[in-house]
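What follows is a short report on a single structure.
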Amino acid sequence: MSAFIFRTSILTAVSIAALCVPSAIAQEEDDALTMDQVVVSSSRSMVPVNQLGDAISILSAEEIDLQQLTTLDEALERVPGVAITRSGGVGQNTQVRMRGFTTKHVLVLIDGVKVNNPSEADNQYGIDHLFLDNVEKVEVLRGPQSGVYGADAVAGVISVITKRPDGPLEVRASAMAGDNSTYELSAGAQQGNETYGLSGSVSYYDTAGISLASRPPGNVERDGYENFTAQVRGEIRPSDATELSAWVRFTDAMNEIDAGSLPADNPLGLPGYIFQDSEGHNDSQQVFGAVKGVWKTLEGKLDHTVQLSYVDLNDTYYAPGTEQDSEGQTMEATYFATWRPNDRVTIVGGGEYRDEQAVFEQPEGYAYALIDDGISNTAGFMEANVEVFDGFYLSGAARYDDNEKFGSKVTERVTAAYNLPDSFDVRGVDTKLRVSYGEGADAPGLRQLLGSSATYEGNPDLKPESSWMMDIGFDQQLSSGLAGWSVTYFDGVADDGIFSIYNPETGKYSPQNVESPVDMSGVEIDARVSPADWIDLRGAYTYLDVSQRSVGTQLFGRPKHEASAAITVRPMSRLALTVDGYWRDDFFSDYPSTYEMPGYSLFSIPAVWDISDRMSLSAKVQNVGDKFYEEKLGDATYGRTAQVRLSVRY
């Protein structure tokens, strides 16, 4: 069956079912499962887990605390289908590759706001400065989501959801100290009830760091990092039918870098463009904010949602004789209505206007490129989620985007989920079968169109990339709740991929649409077992096969095999000890992409002791074996480090 026939058939089935499910069904007693979790990233409306046909992983605040995870990239290493590549220590450039796609294809949401940066070369959002101290959960939705969110969601969505104000007044604070002259201070307060909510948090992180350069003659000069982040949120509910909320987040960060290069005739025979010790640093200021209103009508069957958001990302790069300034600003206005005519049907429809502005200039050094331009996009979208019969859900999403530079494009996404009835299932096991198909479309970034350096020439003739991907899998859990696991197989193709191509005649790189498609397929496994209340086991595994047809070898930065596992034991009710492991197979470096990097395995030991209901002491030893490894050739990583944290709340 062709991809077109498949998606059209499912979309038609969803539409017909949405119209034909009789309203009388809503009056019947529904014995559907009550799920502990709902997911907000797979749709404009919250969806219970048992209705999802998507492959999704959720990291809760409890898991983040248990494993003492500080930054988002640490958390994402525990997610199947996601590969992380860091350029040095905390705060340095970090690439996120999902199912073989690159960082520019991953949409990042913070409390529902798209934060991808139009002033970056690929419109990507670097997760380097995103800490987890005020995060409630992280949802990772894998597979093309352009049918829901448009461009930048080609590979999937990372949705970071911060803590909302709820309950009586609570004040919390924590202090951490560790190796490499590292410390972190954070504090927050929140209070909320049925009519209002207010919260605020601040954090400061500072480290002397490690040298970004890992190869001689580097390793001497430390490259430090500082991060100050503050967030304020307010909510008000003047009536049962109305809710208004607003939030703003500010981050000011500085990371020192190595901008020098290894001599071409170095005695180690290494490439002459890997980093070496030198002066240099990046300054970053980020402001995110949103105002949101929800109005319920028709006795709660029809909700109206309006959101206005603003994102301002400023970066300045300093190196000897060079300064580069970039700023990306995004303003977005969204309206959508959610209609629930009965208990089995949810239909969402709305529109979105997005304006992106980018500035890139070099006030010092070789001023090759000056970019001061923008792109606007207008979109309309519709989603439907239907329970066709007990336990069987179909969902479909279609989106029309009109980009002022690249014209119009329609993308779609369809999913199905079937919760097997007890008569069909293994006794004592709950099973959900699922399948999804999605399309992706990603327009070139402004720096790809216009260029950004003496060696990176723009290409105004670029056209948008396109892709499709399907996956099929199952989720199972023991009825007792003692274990659960999921298995997913995915397969897809990316066309017209934009690659930087080197021209030996000019000595410059230029982005080009490559006709040779990229094939992506693999298997993702996620499992959790709790045989007793004093022990938990968690594990994830990814097999990834991704290659350009004309080349045939695995693309760089993407190991074929990757796995993580953790065992937590509680010798006492207030004490939790964890052994956390990560392993990846051999892989090709980002540069040169033909250099094969050896695989490696790492182990960490975090521990959390709840001294009382209001005070806890935690510690963590990372890379216990003091393993030397690299995620990119020439970029350093941490050896054995340790940290201790004291947290209190009142």
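Scheme for the structure tokens: letters A, B, ... for chains in order shown; per-chain residue numbers from 1; ligand numbers from 1 in order shown.
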
Requested in this report: Name all residues at most 12 Å from A:Gln554 (count only C-alpha atoms; drop same-chain ones fewer than 5 positions away) and give them as a VMD selection string.
Outcome: chain A and resid 100 518 to 521 543 to 549 559 to 561 586 to 590 593 to 596

For stretch 533-559 of chain A versus stretch 617-632 of chain A, which residues have an atom no more than 12 Å away, and what is each residue's nearest atom pair and distance in Å rounded to one decimal, using only C-alpha atoms, chain-then-number order, as a tab-separated table?
```
residue	atom	partner	partner_atom	distance
A:Phe556	CA	A:Lys632	CA	9.7
A:Gly557	CA	A:Lys632	CA	7.8
A:Arg558	CA	A:Glu631	CA	10.3
A:Pro559	CA	A:Glu631	CA	10.5
```

Q: Point out the residue among A:His129, A:His304, A:Arg97, A:Arg233 with the least atom-to-atom distance to A:Asp252, counting only C-alpha atoms.
A: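 Smallest distance to A:Asp252 is found for A:His129.
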
Write out, as a tab-separated table, each residue of stretch 171-214 of chain A that has an atom at most 10 Å from stretch 256-260 of chain A, together with the closest pair of atoms and their distance in Å to one decimal, counting only C-alpha atoms, rows going by chain and rising number.
```
residue	atom	partner	partner_atom	distance
A:Ala208	CA	A:Glu256	CA	9.5
A:Gly209	CA	A:Glu256	CA	8.9
A:Ile210	CA	A:Glu256	CA	9.8
A:Ser211	CA	A:Asp258	CA	7.7
A:Leu212	CA	A:Asp258	CA	6.1
A:Ala213	CA	A:Asp258	CA	6.7
```

Saved selection, atoms kept: N, CA, C and O atoms, as an mmCIF file, in the first residue's frame:
```cif
data_model
loop_
_atom_site.group_PDB
_atom_site.id
_atom_site.type_symbol
_atom_site.label_atom_id
_atom_site.label_comp_id
_atom_site.auth_asym_id
_atom_site.auth_seq_id
_atom_site.Cartn_x
_atom_site.Cartn_y
_atom_site.Cartn_z
ATOM 1 N N ALA A 208 34.087 25.969 36.941
ATOM 2 C CA ALA A 208 35.341 26.277 36.252
ATOM 3 C C ALA A 208 35.474 25.448 34.990
ATOM 4 O O ALA A 208 36.212 25.799 34.072
ATOM 5 N N GLY A 209 34.757 24.309 34.944
ATOM 6 C CA GLY A 209 34.694 23.505 33.733
ATOM 7 C C GLY A 209 35.966 22.737 33.432
ATOM 8 O O GLY A 209 36.870 22.607 34.261
ATOM 9 N N ILE A 210 35.998 22.221 32.226
ATOM 10 C CA ILE A 210 37.152 21.503 31.710
ATOM 11 C C ILE A 210 37.544 22.141 30.382
ATOM 12 O O ILE A 210 36.779 22.909 29.802
ATOM 13 N N SER A 211 38.728 21.832 29.900
ATOM 14 C CA SER A 211 39.129 22.327 28.588
ATOM 15 C C SER A 211 38.220 21.724 27.524
ATOM 16 O O SER A 211 37.953 20.526 27.531
ATOM 17 N N LEU A 212 37.729 22.568 26.618
ATOM 18 C CA LEU A 212 36.933 22.036 25.517
ATOM 19 C C LEU A 212 37.793 21.127 24.640
ATOM 20 O O LEU A 212 37.327 20.126 24.123
ATOM 21 N N ALA A 213 39.083 21.474 24.486
ATOM 22 C CA ALA A 213 39.992 20.683 23.658
ATOM 23 C C ALA A 213 40.503 19.480 24.441
ATOM 24 O O ALA A 213 41.038 19.616 25.536
#
```

**Pairwise distance for atom CA of A:Lys104 and atom CA of A:Asp122, rounded to one decimal in Å** =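 Value for the atom CA of A:Lys104-atom CA of A:Asp122 distance: 5.4 Å.
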